[in-house]
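Have a look at the structure below, then the notes.
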Amino acid sequence: MRLLSGLVIVSIALAAGSCAQGADCDEVFSAGVTNTQLESPELDNSSFTPFETEEGMKLQVSWPVVYGAGGYEVKVANAETPEELLFDAVVDGCTVMVPGVAEYQTYAVSVKTLGNKRYNNSEAQTASAYNYTVAPTRISLPSSCEISTYITEHYQAPTAPSLGVIYQLEAGGTYTLDAPIDFNVDKVQLLGDAENRPTITISGSGALLTQAGLQVRNINFDCTSATNRGLIMMSPNPNSKISTANLGYKADGANQDCFVIVDPIIFADCWVKNLPNAFLDDNQKKYALADFRIDNSIIQLKNEGTNGFIKFDKGGYLIQKMTWTNSTIYNSVQNDNEVYAIRFSNQSNAQPKKVFGNSRNFLEYTIKDCTIARIFPKKDWANNLPNTQNNNKLWCHIENTLFFDIYRLEKFIQSQWYTTTPNNVLFCSPKAKYNANDASKKDKLGNAWTLNEDPGFTETSFPALRLDAPNGGLNLKATSGTLAPTIGDPRWLN
C-alpha cells in the first residue's frame, strides 16, 4: 500500500504557491529537462534531521530536486529488518517526515526518482540508498582553536535534545580553553580519539560548565595555568525545567527546591595534569546530580589550597549515584590544609528522599579497582553525607582499592549504610593522620573496611603527570605488603 503523508500534501501546496501567477509549475521544476533518463538524488548524512515531537521521535528526510522528475518513491525500514517497511510513499516534493523512529537505531532509506511522461523523462534505474543512525548533532572542533570562542561562534542547538550534541576533537589535536564554556541545558559529549588523545590546555577561568548530561572521553587536560574553582562546574543560571518541582520529584514526596541533573556526568579515558582546585564544583548553586562517574582515568592534582576534590558545599545537595572505577586520583604536592575531599552543603538535605522523592529514595556509591593517594591527608575524607539507613536504601561498595595518605574514610562509609568492602588497603605515612577505625570496622559480610599495609610509596612516587609518556610517567604498583601489590588501578598491576 502506498501512502501520501500529510507533509507531502503540504509540500505540494507550497510548491504550487511558489509559482508566479500564470506560470506553469511543471515548467518551473522541469528546468528544460526532456527526453532524459533521470538519476536518483544523492543522499548523505546532511539529508537527515531527527526531531522530537509530542508524538515521539520523527526523522526528516530531504534531498536535492531532480529537474524533470515526476515525483519520488521513498522507502524507509529498520536496517535490521529491511523487509518490514516503516514508510513507503510516492511523493511530490523533496522532504518527508518519517514517524516512529528510535534513538541510536539505524534506518535503511531509499529515494528513487520517478519518470515524467509529459517531458518524456524515464525513471531512474536504481534508487539512492543510505543507512542513517538517529544520533546526536555532531560538530567538529578544529585543532588549535580556543574552544569557548569556537563553540560560541559555531553553536548549533541539538535537533533532538534527548540526543544532545557531540563535539568531536581531532586525533592528537591541541586546543586551549581560556574561559568557561557553558553547555547550559544541552546534553553534550566532548570526545577525543581513543588511540591518540587530543590535549586541551586550560588557563585562567577555563572550565566545563553544564546543567545537563555531560560525557568527556579520550582527552588530556593540562590545568597548570587554570585558576577557576573547578574543572567541571555547574552552570550559574539553572533552568527551571530541571527543578525538583518541574521534574515531578516534589509531587513524589521531595521537600527541597533545587535543580537536578538527571542524565549522567561521565569522565572516562582521560588524563588530567596539575589540577589546582576542585574536580567537580557546584558553582555555589543548588544542584544535585543523579549519576556521576569516573572511569579509566588518571587525575593528578597540584592542590595546595583549600578546595577539595568534590566541592558541593556552597549550594550542592548530593550525588545520588557515584561510581569510580579503574582510575588513579592523586595529589603531586603535599597539602597541609584541613581539606575535605568530598563535601556536601548539609547532611540532612543530602538525604535522597528530600531531593528525588519516594520513588527514587536510594543512594549508591561504588569505588572499585582504584588507586587514591593524598587527597587529602589532614581532614575527613567526606563531610555532610547522609547517615540514615532508609530501609537499606543507602549502599556503599568499595573493592580492590588502594588508599594512601587519606584521613577518616569512615566519614565516606557512613555507619548506617549497607556496606560491602572486600580487599582494600589504607596506609598513612608520617605526613598524614591515621584513623584506626578505617581498618577496625567491618562491612555487612564481615570484611574489614581496609587493611593497614605499607605499599612502599615514597615522595618520589607522585610526580606531576607527563601527558607524553606511557602511563603518564607513573608507576604506582605497591612494592610491599601482601594485599597491596594485587589491588588498585589495573594499569599498575601488569
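Ordering of the C-alpha cells sets the chain letters (A, B, ...), residue numbers begin anew at 1 in every chain, and ligands are numbered from 1 in the order given.
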Next on the checklist: I'd like the contact shell of Ile319 in chain A - 9 Å cut-off, only C-alpha atoms, skipping same-chain residues fewer than 6 positions apart - returned as number ranges by chain.
Outcome noted: A: 288-292, 344, 350, 352, 363-365
Restricting it to N, CA and C atoms, dump the selection as a compact mmCIF listing (two decimals), in the first residue's frame.
```txt
# COMPACT_ATOMS: atom_id res chain seq x y z
N ALA A 288 21.83 19.04 42.42
CA ALA A 288 22.05 17.65 42.79
C ALA A 288 22.31 16.88 41.50
N LEU A 289 23.14 15.85 41.59
CA LEU A 289 23.44 15.01 40.43
C LEU A 289 22.84 13.63 40.66
N ALA A 290 22.21 13.09 39.63
CA ALA A 290 21.66 11.74 39.72
C ALA A 290 22.73 10.69 39.49
N ASP A 291 23.78 11.01 38.70
CA ASP A 291 24.73 9.98 38.29
C ASP A 291 26.05 10.65 37.92
N PHE A 292 27.12 10.31 38.64
CA PHE A 292 28.44 10.89 38.38
C PHE A 292 29.47 9.76 38.34
N PHE A 344 29.36 17.92 50.88
CA PHE A 344 28.05 18.46 50.52
C PHE A 344 27.70 19.57 51.50
N ALA A 350 20.98 16.21 52.28
CA ALA A 350 21.60 15.27 51.34
C ALA A 350 20.90 13.91 51.33
N PRO A 352 18.53 11.35 49.99
CA PRO A 352 17.99 11.32 48.62
C PRO A 352 16.49 11.53 48.55
N LEU A 363 20.57 5.74 47.40
CA LEU A 363 21.89 6.30 47.16
C LEU A 363 22.84 5.13 46.94
N GLU A 364 23.73 5.24 45.98
CA GLU A 364 24.63 4.13 45.65
C GLU A 364 26.01 4.67 45.28
N TYR A 365 27.01 4.34 46.10
CA TYR A 365 28.38 4.78 45.85
C TYR A 365 29.28 3.56 45.64
```
Checklist entry - Quick one: DSSP strand (DSSP E or B) residues in range 407-471 of chain A, as a PyMOL selection string? => result chain A and resi 407+418-420+424-427+442+448+451
Save out the residues we just selected, N, CA and C atoms, as an mmCIF file, in the first residue's frame.
```cif
data_model
loop_
_atom_site.group_PDB
_atom_site.id
_atom_site.type_symbol
_atom_site.label_atom_id
_atom_site.label_comp_id
_atom_site.auth_asym_id
_atom_site.auth_seq_id
_atom_site.Cartn_x
_atom_site.Cartn_y
_atom_site.Cartn_z
ATOM 1 N N TYR A 407 42.529 10.546 55.239
ATOM 2 C CA TYR A 407 42.159 10.501 56.660
ATOM 3 C C TYR A 407 40.649 10.348 56.822
ATOM 4 N N TYR A 418 24.306 0.358 54.007
ATOM 5 C CA TYR A 418 24.599 -1.041 53.743
ATOM 6 C C TYR A 418 25.925 -1.064 52.976
ATOM 7 N N THR A 419 26.970 -1.616 53.599
ATOM 8 C CA THR A 419 28.319 -1.518 53.048
ATOM 9 C C THR A 419 28.895 -2.884 52.711
ATOM 10 N N THR A 420 29.664 -2.935 51.626
ATOM 11 C CA THR A 420 30.480 -4.100 51.289
ATOM 12 C C THR A 420 31.855 -3.586 50.889
ATOM 13 N N ASN A 424 40.567 -4.072 50.388
ATOM 14 C CA ASN A 424 41.028 -2.689 50.308
ATOM 15 C C ASN A 424 42.165 -2.465 51.290
ATOM 16 N N VAL A 425 43.079 -1.570 50.925
ATOM 17 C CA VAL A 425 44.209 -1.206 51.784
ATOM 18 C C VAL A 425 44.202 0.297 51.980
ATOM 19 N N LEU A 426 44.449 0.726 53.213
ATOM 20 C CA LEU A 426 44.667 2.139 53.505
ATOM 21 C C LEU A 426 45.915 2.247 54.370
ATOM 22 N N PHE A 427 46.879 3.051 53.897
ATOM 23 C CA PHE A 427 48.102 3.268 54.667
ATOM 24 C C PHE A 427 48.400 4.754 54.713
ATOM 25 N N LYS A 442 33.979 -3.411 60.145
ATOM 26 C CA LYS A 442 33.698 -4.463 59.172
ATOM 27 C C LYS A 442 32.400 -4.164 58.430
ATOM 28 N N ALA A 448 36.852 -6.539 56.650
ATOM 29 C CA ALA A 448 37.381 -5.292 57.184
ATOM 30 C C ALA A 448 37.246 -4.198 56.127
ATOM 31 N N LEU A 451 42.679 -2.898 55.085
ATOM 32 C CA LEU A 451 43.841 -3.433 55.787
ATOM 33 C C LEU A 451 44.907 -2.346 55.840
#
```
Item to check | Coordinates-based distance that separates CA of Gly68 in chain A from CA of Val96 in chain A (Å, one decimal) | outcome: 19.4 Å
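Counting from CA of Ala207 in chain A, the distance to CA of Met322 in chain A is 21.1 Å.
Take the candidates A:Phe183, A:Trp381, A:Trp492, A:Trp449 and check each one against Lys433 in chain A using only C-alpha atoms; the shortest distance goes to A:Trp381.
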Item to check | Per-residue DSSP, range 88-262 of chain A, filtered to alpha helix (DSSP H), as JSON, numbers by chain | outcome: {"A": [147, 148, 149, 150, 151, 152, 153]}
Checklist entry - Near range 326-333 of chain A, within 9 Å and counting only C-alpha atoms, which residues show up once chain neighbours fewer than 6 positions away are dropped, as an NGL selection string? => result :A and (269 or 274-275 or 294-304 or 367-376 or 459 or 461-465 or 476 or 488-491)
Kindly save the residues from that selection, with C-alpha atoms included, as a short mmCIF file (atom, residue, chain, number, x, y, z; two decimals), in the first residue's frame.
```cif
data_model
loop_
_atom_site.label_atom_id
_atom_site.label_comp_id
_atom_site.auth_asym_id
_atom_site.auth_seq_id
_atom_site.Cartn_x
_atom_site.Cartn_y
_atom_site.Cartn_z
CA ASP A 269 39.57 7.53 29.49
CA ASN A 274 48.20 19.80 37.61
CA LEU A 275 44.59 20.47 38.66
CA ILE A 294 34.95 8.50 36.69
CA ASP A 295 36.35 5.58 34.70
CA ASN A 296 39.77 4.53 33.40
CA SER A 297 41.29 7.94 34.06
CA ILE A 298 44.35 9.46 35.74
CA ILE A 299 43.60 12.68 37.59
CA GLN A 300 46.62 14.44 39.07
CA LEU A 301 46.06 17.34 41.40
CA LYS A 302 48.59 20.02 42.19
CA ASN A 303 46.47 21.29 45.04
CA GLU A 304 47.98 23.21 47.92
CA ILE A 367 34.78 2.73 44.25
CA LYS A 368 36.37 -0.27 42.55
CA ASP A 369 39.88 -1.01 41.26
CA CYS A 370 41.23 2.45 42.02
CA THR A 371 44.42 3.98 43.44
CA ILE A 372 43.69 7.09 45.51
CA ALA A 373 46.57 8.95 47.13
CA ARG A 374 46.96 12.14 49.18
CA ILE A 375 43.50 13.63 48.62
CA PHE A 376 43.55 14.80 51.39
CA GLU A 459 57.53 11.16 47.94
CA SER A 461 56.14 8.07 43.72
CA PHE A 462 53.87 11.02 42.94
CA PRO A 463 55.40 13.27 40.26
CA ALA A 464 53.40 15.55 38.03
CA LEU A 465 51.70 13.66 35.23
CA LEU A 476 52.10 3.20 41.33
CA GLY A 488 44.32 -0.71 42.83
CA ASP A 489 44.13 0.78 39.35
CA PRO A 490 44.68 -2.20 36.99
CA ARG A 491 47.25 -0.28 34.92
#
```
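Candidate residues A:Gln284, A:Thr486, A:Ser440, A:Gln215 were compared for distance to Ile265 in chain A, and the nearest is A:Gln215, using only C-alpha atoms.
CA of Glu39 in chain A is found 24.7 Å from CA of Asn78 in chain A.
Residue neighbourhood of Phe412 in chain A, excluding near-sequence residues (fewer than 5 positions): A:Ile342, A:Asp380, A:Trp381, A:Ala382, A:Asn383, A:Leu385, A:Cys396, at 9 Å, using only C-alpha atoms.
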Pick out the residues sitting within 7 Å of range 163-166 of chain A, and hand them over as a short mmCIF file (atom, residue, chain, number, x, y, z; two decimals) with N, CA and C atoms, in the first residue's frame; count only C-alpha atoms, and ignore anything fewer than 3 positions along from it in its own chain.
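Below you can see out-v6.cif, which holds the result:
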```cif
data_model
loop_
_atom_site.label_atom_id
_atom_site.label_comp_id
_atom_site.auth_asym_id
_atom_site.auth_seq_id
_atom_site.Cartn_x
_atom_site.Cartn_y
_atom_site.Cartn_z
N ALA A 135 21.16 9.82 15.85
CA ALA A 135 22.21 10.07 16.83
C ALA A 135 22.35 11.57 17.06
N PRO A 136 23.19 11.97 18.04
CA PRO A 136 23.31 13.40 18.35
C PRO A 136 23.83 14.24 17.19
N THR A 137 23.53 15.54 17.26
CA THR A 137 24.16 16.51 16.38
C THR A 137 25.67 16.46 16.62
N ARG A 138 26.45 16.46 15.55
CA ARG A 138 27.91 16.33 15.69
C ARG A 138 28.59 17.57 15.11
N ILE A 139 29.49 18.18 15.90
CA ILE A 139 30.22 19.37 15.49
C ILE A 139 31.71 19.10 15.68
N PRO A 158 20.89 21.31 19.47
CA PRO A 158 20.61 19.94 19.05
C PRO A 158 19.23 19.82 18.42
N ALA A 160 17.56 17.16 18.29
CA ALA A 160 16.81 16.30 19.21
C ALA A 160 17.46 16.44 20.58
N ASP A 186 22.05 21.79 27.14
CA ASP A 186 22.35 20.82 26.10
C ASP A 186 23.05 19.60 26.70
N LYS A 187 22.56 18.43 26.36
CA LYS A 187 23.28 17.21 26.71
C LYS A 187 24.45 17.09 25.75
N VAL A 188 25.68 16.97 26.29
CA VAL A 188 26.89 17.12 25.47
C VAL A 188 27.82 15.92 25.66
N GLN A 189 28.43 15.53 24.55
CA GLN A 189 29.59 14.64 24.59
C GLN A 189 30.79 15.40 24.02
N LEU A 190 31.86 15.48 24.81
CA LEU A 190 33.11 16.10 24.37
C LEU A 190 34.08 14.95 24.14
#
```
Next on the checklist: Given only C-alpha atoms as the basis, pick out the residue of A:Asn120, A:Asn277, A:Ser205, A:Asn283 nearest to Ile181 in chain A.
Outcome noted: A:Ser205
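Minimum distance to Trp417 in chain A across A:Gly446, A:Gly315, A:Pro386, A:Pro161 (counting only C-alpha atoms) occurs at A:Pro386.
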